[in-house]
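Undergrad: Here you go, this is start-v7.cif (mmCIF, C-alpha atoms and all ligand atoms).
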```cif
data_final
loop_
_atom_site.label_atom_id
_atom_site.label_comp_id
_atom_site.auth_asym_id
_atom_site.auth_seq_id
_atom_site.Cartn_x
_atom_site.Cartn_y
_atom_site.Cartn_z
CA MET A 1 282.21 -20.17 171.81
CA GLU A 2 280.11 -23.00 173.06
CA ARG A 3 276.91 -21.24 171.85
CA LYS A 4 278.39 -20.86 168.45
CA LYS A 5 279.17 -24.54 168.28
CA ILE A 6 275.61 -25.47 169.17
CA ILE A 7 274.26 -23.25 166.37
CA VAL A 8 276.62 -24.80 163.84
CA GLY A 9 275.69 -28.33 164.90
CA LYS A 10 271.95 -27.56 164.65
CA LYS A 11 272.41 -26.09 161.17
CA LYS A 12 274.30 -29.12 159.92
CA LYS A 13 271.54 -31.47 161.15
CA LYS A 14 268.83 -29.46 159.31
CA GLU A 15 270.71 -29.53 155.94
CA LYS A 16 271.10 -33.33 156.08
CA LYS A 17 267.30 -33.90 156.54
CA ILE A 18 266.40 -31.71 153.51
CA ASN A 19 268.86 -33.53 151.22
CA VAL A 20 267.41 -37.04 151.90
CA PHE A 21 263.90 -35.86 151.37
CA ARG A 22 264.82 -34.12 148.15
CA LEU A 23 266.78 -37.09 147.01
CA ILE A 24 263.78 -39.35 147.56
CA LEU A 25 261.58 -36.82 145.78
CA TYR A 26 263.98 -36.55 142.85
CA PHE A 27 264.23 -40.32 142.63
CA ALA A 28 260.49 -40.60 142.73
CA ILE A 29 260.07 -37.99 140.00
CA ILE A 30 262.78 -39.57 137.85
CA PHE A 31 261.23 -42.98 138.42
CA VAL A 32 257.79 -41.75 137.44
CA ILE A 33 259.16 -39.95 134.39
CA LEU A 34 261.20 -42.97 133.37
CA TYR A 35 258.34 -45.36 134.02
CA PHE A 36 255.82 -43.37 132.03
CA GLY A 37 258.43 -42.62 129.35
CA ILE A 38 259.12 -46.33 128.90
CA GLN A 39 255.42 -47.07 128.92
CA MET A 40 254.87 -44.38 126.29
CA VAL A 41 257.61 -45.79 124.06
CA ARG A 42 256.16 -49.28 124.55
CA MET A 43 252.73 -47.95 123.69
CA VAL A 44 254.11 -46.34 120.51
CA PHE A 45 255.71 -49.67 119.48
CA ILE A 46 252.54 -51.59 120.31
CA TYR A 47 250.48 -49.06 118.38
CA ALA A 48 252.77 -49.32 115.33
CA GLU A 49 252.63 -53.13 115.50
CA LEU A 50 248.86 -53.13 115.89
CA SER A 51 248.32 -50.70 113.03
CA ASN A 52 250.55 -52.90 110.81
CA GLU A 53 248.54 -55.95 111.82
CA TYR A 54 245.35 -54.05 111.14
CA LYS A 55 246.52 -53.06 107.67
CA LYS A 56 247.57 -56.66 106.92
CA THR A 57 244.27 -58.04 108.14
CA GLN A 58 242.35 -55.44 106.19
CA SER A 59 244.13 -56.29 102.92
CA GLU A 60 243.64 -60.03 103.62
CA PHE A 61 240.00 -59.31 104.28
CA GLU A 62 239.69 -57.37 101.01
CA SER A 63 241.30 -60.16 99.00
CA LEU A 64 239.09 -62.77 100.71
CA LYS A 65 236.07 -60.61 99.93
CA LYS A 66 237.12 -60.50 96.26
CA LYS A 67 237.63 -64.27 96.19
CA LEU A 68 234.26 -64.80 97.80
CA ASN A 69 232.63 -62.53 95.21
CA ALA A 70 234.28 -64.50 92.41
CA ILE A 71 233.19 -67.81 93.94
CA GLU A 72 229.66 -66.49 94.37
CA LYS A 73 229.58 -65.37 90.73
CA GLU A 74 230.87 -68.76 89.58
CA ARG A 75 228.33 -70.49 91.80
CA ASP A 76 225.49 -68.43 90.34
CA MET A 77 226.71 -69.16 86.80
CA ILE A 78 226.91 -72.91 87.44
CA LYS A 79 223.50 -72.79 89.12
CA LYS A 80 222.05 -71.02 86.08
CA MET A 81 223.67 -73.47 83.67
CA LEU A 82 222.41 -76.43 85.68
CA GLU A 83 218.94 -74.91 85.90
CA GLU A 84 218.91 -74.46 82.13
CA LYS A 85 219.62 -78.18 81.86
CA GLY A 86 216.91 -78.85 84.40
CA VAL A 87 219.12 -79.74 87.39
CA THR A 88 218.00 -78.06 90.60
CA ILE A 89 219.52 -78.00 94.09
CA LYS A 90 217.12 -77.94 97.03
CA ASN A 91 218.21 -78.11 100.69
CA GLY A 92 221.63 -79.32 99.57
CA LYS A 93 220.13 -82.14 97.50
CA ILE A 94 220.62 -82.33 93.71
CA ASN A 95 217.50 -83.03 91.71
CA TYR A 96 218.18 -84.56 88.25
CA ASN A 97 214.57 -85.35 87.43
CA TYR A 98 214.13 -82.77 84.72
CA VAL A 99 217.50 -82.81 82.92
CA HIS A 100 215.98 -81.82 79.60
CA LYS A 101 212.61 -80.29 78.93
CA PRO A 102 211.84 -80.34 75.21
CA SER A 103 208.98 -78.24 73.92
CA LYS A 104 205.83 -79.83 72.53
CA GLU A 105 206.95 -78.83 69.02
CA GLN A 106 210.37 -80.42 69.51
CA LEU A 107 208.82 -83.70 70.64
CA GLN A 108 206.33 -83.67 67.81
CA ARG A 109 209.01 -82.97 65.20
CA ALA A 110 211.37 -85.64 66.60
CA LYS A 111 208.59 -88.25 66.46
CA GLN A 112 207.47 -87.16 63.00
CA LEU A 113 211.05 -87.23 61.61
CA ALA A 114 211.68 -90.66 63.13
CA GLU A 115 208.57 -91.98 61.42
CA GLN A 116 209.29 -90.28 58.10
CA TYR A 117 212.91 -91.51 57.87
CA GLY A 118 212.46 -94.92 59.52
CA LEU A 119 214.52 -93.92 62.57
CA ILE A 120 213.96 -94.84 66.23
CA TYR A 121 212.58 -92.12 68.48
CA LYS A 122 214.05 -92.00 71.99
CA ASN A 123 213.64 -89.59 74.84
CA ARG A 124 216.99 -87.91 75.54
CA ARG A 125 216.85 -89.05 79.17
CA HIS A 126 216.86 -92.68 78.12
CA LEU A 127 219.64 -92.30 75.59
CA LYS A 128 222.66 -94.50 76.23
CA THR A 129 224.43 -95.09 72.96
CA ASN A 130 227.79 -95.12 71.23
CA ASN A 131 226.04 -94.86 67.88
CA ILE A 132 225.23 -91.84 65.80
CA TYR A 133 222.07 -90.08 66.95
CA PHE A 134 220.13 -87.01 65.85
CA VAL A 135 218.81 -84.28 68.10
CA VAL A 136 215.97 -81.86 67.40
CA GLU A 137 217.02 -78.46 68.70
CA LYS A 138 214.84 -75.82 70.37
CA ASN A 139 214.59 -73.90 67.04
CA LEU A 140 213.53 -77.21 65.41
CA THR A 141 216.72 -77.60 63.34
CA VAL A 142 218.46 -80.97 63.58
CA LYS A 143 222.01 -81.92 64.53
CA VAL A 144 223.89 -85.21 64.45
CA LYS A 145 226.11 -86.44 67.29
CA LYS A 146 228.63 -89.19 67.69
CA ASP A 147 230.80 -89.36 70.80
CA ASP A 148 232.23 -85.84 71.17
CA PHE A 149 231.56 -84.87 67.56
CA GLU A 150 228.55 -82.99 66.37
CA PHE A 151 227.53 -81.53 63.06
CA PHE A 152 224.85 -78.93 62.50
CA PHE A 153 223.79 -76.58 59.71
CA HIS A 154 224.94 -72.95 59.78
CA PRO A 155 225.32 -70.50 56.90
CA SER A 156 228.15 -68.39 58.39
CA ILE A 157 230.75 -68.92 55.63
CA VAL A 158 228.34 -68.12 52.82
CA LYS A 159 227.55 -64.74 54.37
CA ILE A 160 231.21 -63.70 54.09
CA ARG A 161 231.40 -64.94 50.50
CA MET A 162 228.27 -63.03 49.53
CA LYS A 163 229.63 -59.87 51.18
CA ASN A 164 232.79 -60.15 49.07
CA PHE A 165 230.79 -60.86 45.94
CA ILE A 166 228.58 -57.82 46.50
CA SER A 167 231.52 -55.53 47.32
CA ASP A 168 233.91 -56.42 44.47
CA LYS A 169 231.96 -58.88 42.26
CA LYS A 170 234.72 -61.39 42.83
CA ASP A 171 233.74 -64.99 43.42
CA TYR A 172 235.45 -67.62 41.27
CA LEU A 173 232.45 -69.97 41.36
CA LEU A 174 229.74 -67.39 40.61
CA ASN A 175 231.86 -65.64 38.00
CA ASN A 176 232.46 -68.89 36.14
CA MET A 177 228.83 -69.98 36.40
CA GLU A 178 227.75 -66.80 34.54
CA LEU A 179 224.15 -67.31 35.68
CA LYS A 180 221.28 -65.64 33.85
CA GLY A 181 218.87 -66.51 36.66
CA ASN A 182 216.61 -69.08 35.00
CA GLU A 183 218.93 -72.10 35.05
CA ILE A 184 218.44 -75.48 36.63
CA VAL A 185 221.68 -76.23 38.46
CA LEU A 186 222.65 -79.67 39.74
CA ASP A 187 225.01 -79.56 42.74
CA LEU A 188 226.36 -83.11 43.05
CA THR A 189 228.06 -82.62 46.42
CA PHE A 190 225.76 -80.51 48.58
CA GLY A 191 227.63 -80.73 51.92
CA LEU A 192 226.69 -77.80 54.15
CA GLY A 193 224.94 -76.18 51.18
CA SER A 194 226.99 -72.99 51.43
CA GLU A 195 227.83 -72.77 47.74
CA ALA A 196 224.33 -74.01 46.85
CA LEU A 197 222.85 -71.03 48.75
CA LEU A 198 225.22 -68.70 46.97
CA ILE A 199 224.22 -70.11 43.56
CA SER A 200 220.49 -70.20 44.26
CA SER A 201 220.58 -66.57 45.44
CA GLN A 202 221.31 -65.72 41.79
CA LEU A 203 218.47 -67.88 40.41
CA ASN A 204 215.40 -65.68 40.17
CA GLU A 205 213.36 -68.12 38.16
CA GLY A 206 215.56 -71.18 38.21
CA LYS A 207 216.28 -73.76 40.90
CA LEU A 208 219.05 -75.85 42.39
CA ILE A 209 218.94 -79.58 42.97
CA GLY A 210 221.50 -80.83 45.45
CA LEU A 211 222.75 -84.37 46.03
CA GLU A 212 224.37 -85.54 49.22
CA GLY A 213 225.69 -89.08 49.57
CA SER A 214 226.05 -89.10 53.37
CA PHE A 215 222.76 -89.73 55.15
CA PRO A 216 223.67 -87.86 58.37
CA ILE A 217 224.81 -84.79 56.41
CA TYR A 218 221.79 -84.94 54.10
CA PHE A 219 219.35 -85.38 56.99
CA VAL A 220 220.81 -82.59 59.14
CA VAL A 221 221.11 -80.08 56.28
CA LYS A 222 217.79 -80.89 54.62
CA GLU A 223 215.89 -80.73 57.90
CA SER A 224 217.65 -77.55 59.09
CA ILE A 225 218.01 -75.39 55.98
CA LYS A 226 214.29 -74.56 56.02
CA TYR A 227 214.04 -74.10 59.80
CA TYR A 228 217.22 -72.08 60.36
CA PRO A 229 216.41 -68.67 61.95
CA TYR A 230 217.94 -66.57 59.13
CA LYS A 231 218.43 -62.91 59.85
CA ILE A 232 219.38 -62.13 56.24
CA LYS A 233 216.64 -61.90 53.63
CA TRP A 234 218.58 -63.22 50.65
CA LEU A 235 219.43 -66.41 52.56
CA LYS A 236 215.79 -66.95 53.51
CA GLU A 237 214.80 -66.53 49.85
CA ALA A 238 217.71 -68.59 48.48
CA GLN A 239 216.84 -71.73 50.48
CA LYS A 240 213.33 -71.74 48.99
CA LYS A 241 214.78 -72.56 45.54
CA ILE A 242 216.74 -75.60 46.76
CA GLU A 243 215.75 -79.26 46.67
CA ILE A 244 218.00 -81.84 48.32
CA ILE A 245 218.25 -85.56 47.45
CA ASN A 246 220.11 -88.27 49.37
CA ASP A 247 222.01 -90.18 46.70
CA ASN A 248 225.49 -90.93 45.47
CA TYR A 249 226.24 -88.73 42.46
CA LYS A 250 228.11 -91.52 40.64
CA ARG A 251 224.92 -93.57 40.62
CA PHE A 252 222.51 -90.65 40.20
CA ILE A 253 224.28 -89.06 37.23
CA ARG A 254 224.32 -92.30 35.25
CA LYS A 255 220.52 -92.53 35.56
CA GLN A 256 219.85 -89.03 34.19
CA LYS A 257 218.78 -88.19 30.65
CA ASP A 258 221.07 -86.28 28.25
CA LYS A 259 221.12 -82.51 28.76
CA SER A 260 218.64 -82.53 31.64
CA TYR A 261 220.35 -79.76 33.70
CA ASP A 262 221.84 -76.44 32.59
CA ILE A 263 224.92 -76.47 34.83
CA ILE A 264 226.45 -79.30 36.86
CA TYR A 265 228.70 -78.48 39.78
CA CYS A 266 230.82 -80.99 41.71
CA ASP A 267 232.89 -80.27 44.83
CA PRO A 268 234.06 -83.62 46.24
CA MET A 269 236.21 -83.90 49.38
CA PHE A 270 239.75 -82.77 48.50
CA GLU A 271 242.49 -85.40 48.29
CA ASN A 272 244.61 -82.75 50.01
CA PRO A 273 242.31 -81.30 52.67
CA VAL A 274 242.68 -77.75 53.93
CA PHE A 275 242.11 -78.06 57.67
CA GLU A 276 243.00 -74.52 58.72
CA SER A 277 239.88 -72.58 59.66
CA SER A 278 237.79 -74.71 57.32
CA ALA A 279 234.02 -74.54 57.76
CA LEU A 280 234.00 -78.14 56.54
CA ASN A 281 235.90 -79.55 59.55
CA PRO A 282 232.80 -80.69 61.50
CA LEU A 283 231.44 -82.34 58.33
CA ARG A 284 234.56 -84.47 57.66
CA ARG A 285 233.63 -87.17 60.17
CA PHE A 286 230.36 -87.95 58.35
CA ALA A 287 231.36 -87.20 54.72
CA VAL A 288 231.61 -89.52 51.70
CA TYR A 289 235.17 -89.65 50.32
CA ASP A 290 234.57 -90.99 46.79
CA GLU A 291 237.31 -90.26 44.30
CA LEU A 292 236.24 -88.27 41.26
CA GLU A 293 237.04 -90.21 38.06
CA PRO A 294 237.29 -88.90 34.47
CA SER A 295 234.40 -91.26 33.60
CA ASP A 296 232.21 -89.36 36.13
CA ILE A 297 233.07 -86.09 34.39
CA GLU A 298 232.14 -87.65 31.04
CA GLU A 299 228.72 -88.52 32.49
CA MET A 300 228.33 -84.97 33.79
CA LYS A 301 229.11 -83.64 30.31
CA ARG A 302 226.40 -85.85 28.85
CA VAL A 303 223.78 -84.71 31.38
CA ALA A 304 224.58 -80.95 31.37
CA LYS A 305 223.57 -78.43 28.70
CA ASP A 306 225.81 -75.37 29.35
CA LYS A 307 228.80 -76.32 31.46
CA VAL A 308 230.32 -78.54 34.10
CA ILE A 309 232.36 -77.06 36.92
CA ILE A 310 234.62 -79.13 39.20
CA LYS A 311 236.25 -77.83 42.37
CA ALA A 312 239.52 -79.34 43.66
CA HIS A 313 242.69 -78.47 45.50
CA VAL A 314 245.69 -77.44 43.42
CA LYS A 315 247.56 -80.59 44.54
CA ASP A 316 244.67 -83.00 43.75
CA SER A 317 245.16 -85.56 40.98
CA ILE A 318 242.14 -84.53 38.87
CA TRP A 319 244.17 -81.75 37.21
CA ASP A 320 246.52 -84.42 35.74
CA LYS A 321 243.71 -86.85 34.93
CA TYR A 322 241.40 -84.46 33.09
CA LYS A 323 241.82 -81.59 30.65
CA PHE A 324 239.56 -78.62 31.46
CA ASP A 325 238.74 -75.69 29.15
CA LYS A 326 239.56 -73.24 31.92
CA ILE A 327 241.11 -73.48 35.38
CA ASP A 328 240.42 -70.54 37.66
CA GLY A 329 241.01 -69.99 41.36
CA SER A 330 243.08 -68.59 44.19
CA LYS A 331 246.79 -69.35 44.45
CA ASN A 332 246.65 -68.26 48.09
CA SER A 333 244.07 -70.81 49.19
CA GLY A 334 245.04 -73.44 46.57
CA VAL A 335 241.34 -73.90 45.70
CA PHE A 336 240.64 -74.09 41.96
CA TYR A 337 237.61 -74.49 39.69
CA GLY A 338 237.91 -76.45 36.44
CA VAL A 339 235.35 -75.39 33.82
CA ILE A 340 234.14 -77.43 30.82
CA TYR A 341 232.09 -75.48 28.25
CA LEU A 342 229.44 -77.45 26.38
CA LYS A 343 228.02 -74.78 24.08
C1 LIG B 1 233.54 -80.55 50.07
S1 LIG B 1 231.97 -80.98 50.58
C2 LIG B 1 230.97 -79.91 49.65
C3 LIG B 1 230.83 -78.58 50.27
C4 LIG B 1 229.77 -77.74 49.58
N1 LIG B 1 230.19 -77.30 48.30
C5 LIG B 1 229.44 -76.54 50.46
O1 LIG B 1 229.53 -75.41 49.99
O2 LIG B 1 229.06 -76.74 51.62
C6 LIG B 1 231.70 -82.48 49.77
C7 LIG B 1 230.40 -83.14 50.09
O3 LIG B 1 230.09 -84.07 49.08
C8 LIG B 1 229.68 -85.29 49.62
N2 LIG B 1 230.06 -86.34 48.66
C9 LIG B 1 231.30 -86.82 48.41
N3 LIG B 1 231.25 -87.80 47.50
C10 LIG B 1 229.93 -87.93 47.16
C11 LIG B 1 229.23 -88.77 46.27
N4 LIG B 1 229.87 -89.70 45.54
N5 LIG B 1 227.91 -88.63 46.15
C12 LIG B 1 227.24 -87.69 46.88
N6 LIG B 1 227.86 -86.89 47.76
C13 LIG B 1 229.18 -87.00 47.91
C14 LIG B 1 230.42 -85.36 50.95
O4 LIG B 1 229.74 -86.20 51.86
C15 LIG B 1 230.43 -83.92 51.38
O5 LIG B 1 229.30 -83.61 52.15
#
```
Translate this file's structure into structure tokens.
TA:
Amino acid sequence: MERKKIIVGKKKKKEKKINVFRLILYFAIIFVILYFGIQMVRMVFIYAELSNEYKKTQSEFESLKKKLNAIEKERDMIKKMLEEKGVTIKNGKINYNYVHKPSKEQLQRAKQLAEQYGLIYKNRRHLKTNNIYFVVEKNLTVKVKKDDFEFFFHPSIVKIRMKNFISDKKDYLLNNMELKGNEIVLDLTFGLGSEALLISSQLNEGKLIGLEGSFPIYFVVKESIKYYPYKIKWLKEAQKKIEIINDNYKRFIRKQKDKSYDIIYCDPMFENPVFESSALNPLRRFAVYDELEPSDIEEMKRVAKDKVIIKAHVKDSIWDKYKFDKIDGSKNSGVFYGVIYLK
């Protein structure tokens, strides 16, 4: 019995030792698994956070890159514009020494025009003025400037009118002029010369004499119409048959002999101006605003052989003051031509 007891006691002792060891082992394994599990989960969260941050940074980087590209483009554009004006930047310093570099021809023409017209020649760099001044452009045409206003010659509007005339033979002025091609036409109000170019394009053997009362308009148009770089042949040819005089038509017409021109045309500034998309807008600042009187029309009738044509806005007072043989024009634009037949 005693032997049995000893065996039982020994067995019990052995079982206890194994359980503690296993327990420690299990704990250790569970601890390791838990530890690495937690670390793995943490790593997954950190990875997700980092990849989000990376994406954010990458998109910020892309947008900054785009902005930088835009700034660089703008910088290059400004640099080019400044360089064209002669301003250079070297080692962070701005060099204004050569703000404008006129060509030899420009300088020569500016000096020659100043002498011819009794004007004062000044280098653009030394120009400090609130007055009107004229500038000789690179293509040797001339423009006038005053404060922020400038006026220069350009034949854009006449090109459209000629296109319409060629396509459907519809131009109120040309149709009423009924030109044969050998007439001498007197345009009393030359302005930009658009209608004068249109008329003279139809004068194979004739010519057009234009009057302009405003010196700046006369000077700019006269000194540009021959130098303008025309791309269209008919315009180049038309300007050759034009002569421009700086005078007031009221004075000029009274000095002319009876029947000395075939057709007289007069297009004074409207009493009711049409501002919308008008090619005349830049001219307004420098124009003469004389009112057309019936006595002026009587003088025109004396000096013309074939006809007198007057242009005015439908709301202008000349239609009440004077009786024309024919009034023709566009109701849409409100621009009308009054015709007086002399033959
Ligand atoms: C309406 S614009 C003429 C536009 C012209 N038909 C054209 O096609 O370009 C009138 C022009 O006549 C000029 N003018 C007005 N009254 C004048 C006058 N009494 N003597 C000379 N020119 C005058 C103005 O200075 C202006 O340039």
Undergrad: Any idea what's packed within 9 Å of His154 of chain A, counting only C-alpha atoms, ignoring anything in its chain fewer than 2 positions away? Could you give it as an MDAnalysis selection string?
TA: chainID A and resid 152 156:157 192 194 221 224:225 228
Undergrad: Would you mind listing the residues within 6 Å of ligand LIG 1 (chain B), counting all atoms listed in the file, as a PyMOL selection string?
TA: chain A and resi 189-195+211-214+247-250+267-269+287-290
Undergrad: Hey, can you check how far atom CA of Glu293 of chain A sits from atom CA of Lys315 of chain A?
TA: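 Result for atom CA of Glu293 of chain A versus atom CA of Lys315 of chain A: 15.7 Å, one decimal.
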Undergrad: Considering only C-alpha atoms, can you say which of A:Val303, A:Ile71, A:Asn123, A:Lys90 comes closest to Ile184 of chain A?
TA: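 Distance minimum relative to Ile184 of chain A lands on A:Val303.
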Undergrad: Using atom CA of Leu235 of chain A and atom CA of Met162 of chain A as the two end points, give the distance in Å to one decimal.
TA: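 Rounded to one decimal, the two atoms are 9.9 Å apart.
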Undergrad: Extract, using all atoms listed in the file, all DNA, RNA and protein residues at most 12 Å from Lys305 of chain A, discarding same-chain residues fewer than 4 positions from it, and format them as a PyMOL selection string.
TA: chain A and resi 183-186+257-264+299-301+340-343
Undergrad: Which polymer residues have any atom within 9 Å of an atom of Asn176 of chain A, counting all atoms listed in the file, with same-chain residues fewer than 6 positions away left out, as a PyMOL selection string?
TA: chain A and resi 309+328+337+339
Undergrad: Provide the atom CA of Val158 of chain A to atom CA of Glu271 of chain A distance in Å, to one decimal place.
TA: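 Separating atom CA of Val158 of chain A from atom CA of Glu271 of chain A is a distance of 22.8 Å.
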Undergrad: My list of candidates is A:Leu119, A:Ile217, A:Leu197, A:Ile78. Which is closest to Lys240 of chain A when distances are computed with all atoms listed in the file?
TA: A:Leu197
